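**Q** Pasting a structure here, questions to come.
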Amino acid sequence: QVQLVESGGGSVQAGGSLRLSCAASGRSFSTVAMGWFRQAPGKEREFVALIRWSGGRTNYSDSVKGRFTISRNNYNMVYLQMNNLEPEDTAVYFCSLDVRGAQSTYFGQGTQVTVSS
């Protein structure tokens, strides 16, 4: 069983910053990529950012490019530094994990981010 635990959510004013963290643990696995998705009230879950374990290549959605930065360490942890936050960034943020041989992506329980204007 693989578990993902997010932390770092909270409430900030527009223009502020937050840093999300996610730790993956459980049975032995080979990480392919970790990332972040988000889901705002009444909307579908959407991709935010991804980092590949081999090579460290990153991808971002257009809506966060230039404001958010994804990074990782060598212990199956991923981070999302969110700067210049906007009210439109308000959502539950979910950590994701892709492992070699798995049929689907793992997701955490989510952490709430609220940005007020």
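We name chains A, B, ... following the order of the structure tokens; residues begin at 1 in each chain, and ligands are numbered from 1 as shown.
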As a ChimeraX atom specification, please: all residues of chain A that backbone DSSP puts in strand (DSSP E).
**A** /A:2-7,10-13,18-26,31-39,46-52,58-60,68-72,77-82,91-99,106-107,111-116
**Q** Take the residues that were just selected and, keeping C-alpha atoms, output them as a PDB file, in the first residue's frame.
**A**
ATOM      1  CA  VAL A   2       1.280   3.447  -0.949  1.00  0.00           C
ATOM      2  CA  GLN A   3       0.353   6.512   1.096  1.00  0.00           C
ATOM      3  CA  LEU A   4       0.667  10.191   0.268  1.00  0.00           C
ATOM      4  CA  VAL A   5       0.412  12.834   2.979  1.00  0.00           C
ATOM      5  CA  GLU A   6       0.165  16.506   2.071  1.00  0.00           C
ATOM      6  CA  SER A   7       0.822  19.456   4.365  1.00  0.00           C
ATOM      7  CA  GLY A  10      -3.795  27.403   4.627  1.00  0.00           C
ATOM      8  CA  SER A  11      -5.331  30.822   4.061  1.00  0.00           C
ATOM      9  CA  VAL A  12      -3.487  33.801   2.613  1.00  0.00           C
ATOM     10  CA  GLN A  13      -4.286  37.090   0.983  1.00  0.00           C
ATOM     11  CA  LEU A  18       2.476  29.129   0.529  1.00  0.00           C
ATOM     12  CA  ARG A  19       4.632  26.020   0.324  1.00  0.00           C
ATOM     13  CA  LEU A  20       3.007  22.612   0.067  1.00  0.00           C
ATOM     14  CA  SER A  21       4.800  19.394   0.942  1.00  0.00           C
ATOM     15  CA  CYS A  22       3.966  15.783   0.197  1.00  0.00           C
ATOM     16  CA  ALA A  23       5.569  12.626   1.509  1.00  0.00           C
ATOM     17  CA  ALA A  24       5.134   9.230  -0.153  1.00  0.00           C
ATOM     18  CA  SER A  25       5.551   6.084   1.896  1.00  0.00           C
ATOM     19  CA  GLY A  26       4.565   2.436   1.961  1.00  0.00           C
ATOM     20  CA  THR A  31       8.972   6.537  -8.488  1.00  0.00           C
ATOM     21  CA  VAL A  32       8.461   7.736 -12.048  1.00  0.00           C
ATOM     22  CA  ALA A  33       7.001  11.150 -11.236  1.00  0.00           C
ATOM     23  CA  MET A  34       5.265  13.148  -8.537  1.00  0.00           C
ATOM     24  CA  GLY A  35       3.033  16.122  -8.981  1.00  0.00           C
ATOM     25  CA  TRP A  36       0.160  18.288  -7.870  1.00  0.00           C
ATOM     26  CA  PHE A  37      -3.440  18.589  -8.966  1.00  0.00           C
ATOM     27  CA  ARG A  38      -6.173  20.834  -7.603  1.00  0.00           C
ATOM     28  CA  GLN A  39      -9.934  20.931  -7.443  1.00  0.00           C
ATOM     29  CA  GLU A  46      -7.043  19.821 -12.867  1.00  0.00           C
ATOM     30  CA  PHE A  47      -3.322  19.355 -13.390  1.00  0.00           C
ATOM     31  CA  VAL A  48      -1.004  21.890 -11.735  1.00  0.00           C
ATOM     32  CA  ALA A  49       2.590  20.657 -11.923  1.00  0.00           C
ATOM     33  CA  LEU A  50       4.708  17.520 -12.369  1.00  0.00           C
ATOM     34  CA  ILE A  51       8.337  16.565 -11.809  1.00  0.00           C
ATOM     35  CA  ARG A  52       9.958  13.453 -13.259  1.00  0.00           C
ATOM     36  CA  THR A  58       9.115  19.696 -14.839  1.00  0.00           C
ATOM     37  CA  ASN A  59       5.784  20.637 -16.395  1.00  0.00           C
ATOM     38  CA  TYR A  60       3.301  23.290 -15.332  1.00  0.00           C
ATOM     39  CA  PHE A  68       4.562  28.074  -8.836  1.00  0.00           C
ATOM     40  CA  THR A  69       7.690  25.947  -8.576  1.00  0.00           C
ATOM     41  CA  ILE A  70       7.738  22.187  -8.053  1.00  0.00           C
ATOM     42  CA  SER A  71      10.761  20.479  -6.533  1.00  0.00           C
ATOM     43  CA  ARG A  72      11.703  17.197  -4.884  1.00  0.00           C
ATOM     44  CA  MET A  77       9.014  14.020  -1.099  1.00  0.00           C
ATOM     45  CA  VAL A  78       7.722  16.697  -3.421  1.00  0.00           C
ATOM     46  CA  TYR A  79       7.131  20.388  -2.778  1.00  0.00           C
ATOM     47  CA  LEU A  80       5.108  23.137  -4.419  1.00  0.00           C
ATOM     48  CA  GLN A  81       6.218  26.691  -3.796  1.00  0.00           C
ATOM     49  CA  MET A  82       3.310  28.967  -4.647  1.00  0.00           C
ATOM     50  CA  ALA A  91      -8.813  24.844  -4.209  1.00  0.00           C
ATOM     51  CA  VAL A  92      -8.010  21.563  -2.547  1.00  0.00           C
ATOM     52  CA  TYR A  93      -4.532  20.562  -3.671  1.00  0.00           C
ATOM     53  CA  PHE A  94      -3.753  16.882  -4.168  1.00  0.00           C
ATOM     54  CA  CYS A  95      -0.349  15.287  -4.359  1.00  0.00           C
ATOM     55  CA  SER A  96       0.088  12.644  -7.063  1.00  0.00           C
ATOM     56  CA  LEU A  97       2.492   9.749  -7.489  1.00  0.00           C
ATOM     57  CA  ASP A  98       3.254   7.622 -10.540  1.00  0.00           C
ATOM     58  CA  VAL A  99       5.227   4.457  -9.879  1.00  0.00           C
ATOM     59  CA  TYR A 106      -1.939   7.528  -6.581  1.00  0.00           C
ATOM     60  CA  PHE A 107      -3.440  10.601  -4.946  1.00  0.00           C
ATOM     61  CA  THR A 111      -4.890  20.061   1.542  1.00  0.00           C
ATOM     62  CA  GLN A 112      -7.005  23.215   1.370  1.00  0.00           C
ATOM     63  CA  VAL A 113      -5.563  26.437  -0.037  1.00  0.00           C
ATOM     64  CA  THR A 114      -7.699  29.562   0.294  1.00  0.00           C
ATOM     65  CA  VAL A 115      -6.688  32.895  -1.223  1.00  0.00           C
ATOM     66  CA  SER A 116      -8.696  35.975  -0.314  1.00  0.00           C
TER      67      SER A 116
END
**Q** To one decimal place in Å, what is the distance between atom CA of Leu85 of chain A and atom CA of Arg67 of chain A?
**A**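 Rounded to one decimal, the two atoms are 7.7 Å apart.
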**Q** For Glu86 of chain A, which residue among A:Ser54, A:Gly42, A:Gln109, A:Val64 is the nearest when counting only C-alpha atoms?
**A**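 So, comparing all the options, the nearest one is A:Val64.
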**Q** Report, in Å with one decimal, the straight-line distance from atom CA of Glu88 of chain A to atom CA of Ser63 of chain A.
**A**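 Taking atom CA of Glu88 of chain A as the start and atom CA of Ser63 of chain A as the end point, the length is 9.5 Å.
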**Q** With distances taken over only C-alpha atoms, which of A:Gly55, A:Arg45, A:Gln1, A:Asn74 is nearest to Gly110 of chain A?
**A**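 Checking each of A:Gly55, A:Arg45, A:Gln1, A:Asn74 against Gly110 of chain A, counting only C-alpha atoms, the winner is A:Arg45.
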**Q** In Å, how far is it from atom CA of Thr105 of chain A to atom CA of Ser30 of chain A?
**A**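 About the pair atom CA of Thr105 of chain A and atom CA of Ser30 of chain A: they are 12.9 Å apart.
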**Q** Between A:Asp62, A:Asn76, A:Gly9, A:Glu44, which has the minimum distance to Ser28 of chain A (counting only C-alpha atoms)?
**A**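 Among the listed residues, A:Asn76 lies closest to Ser28 of chain A.
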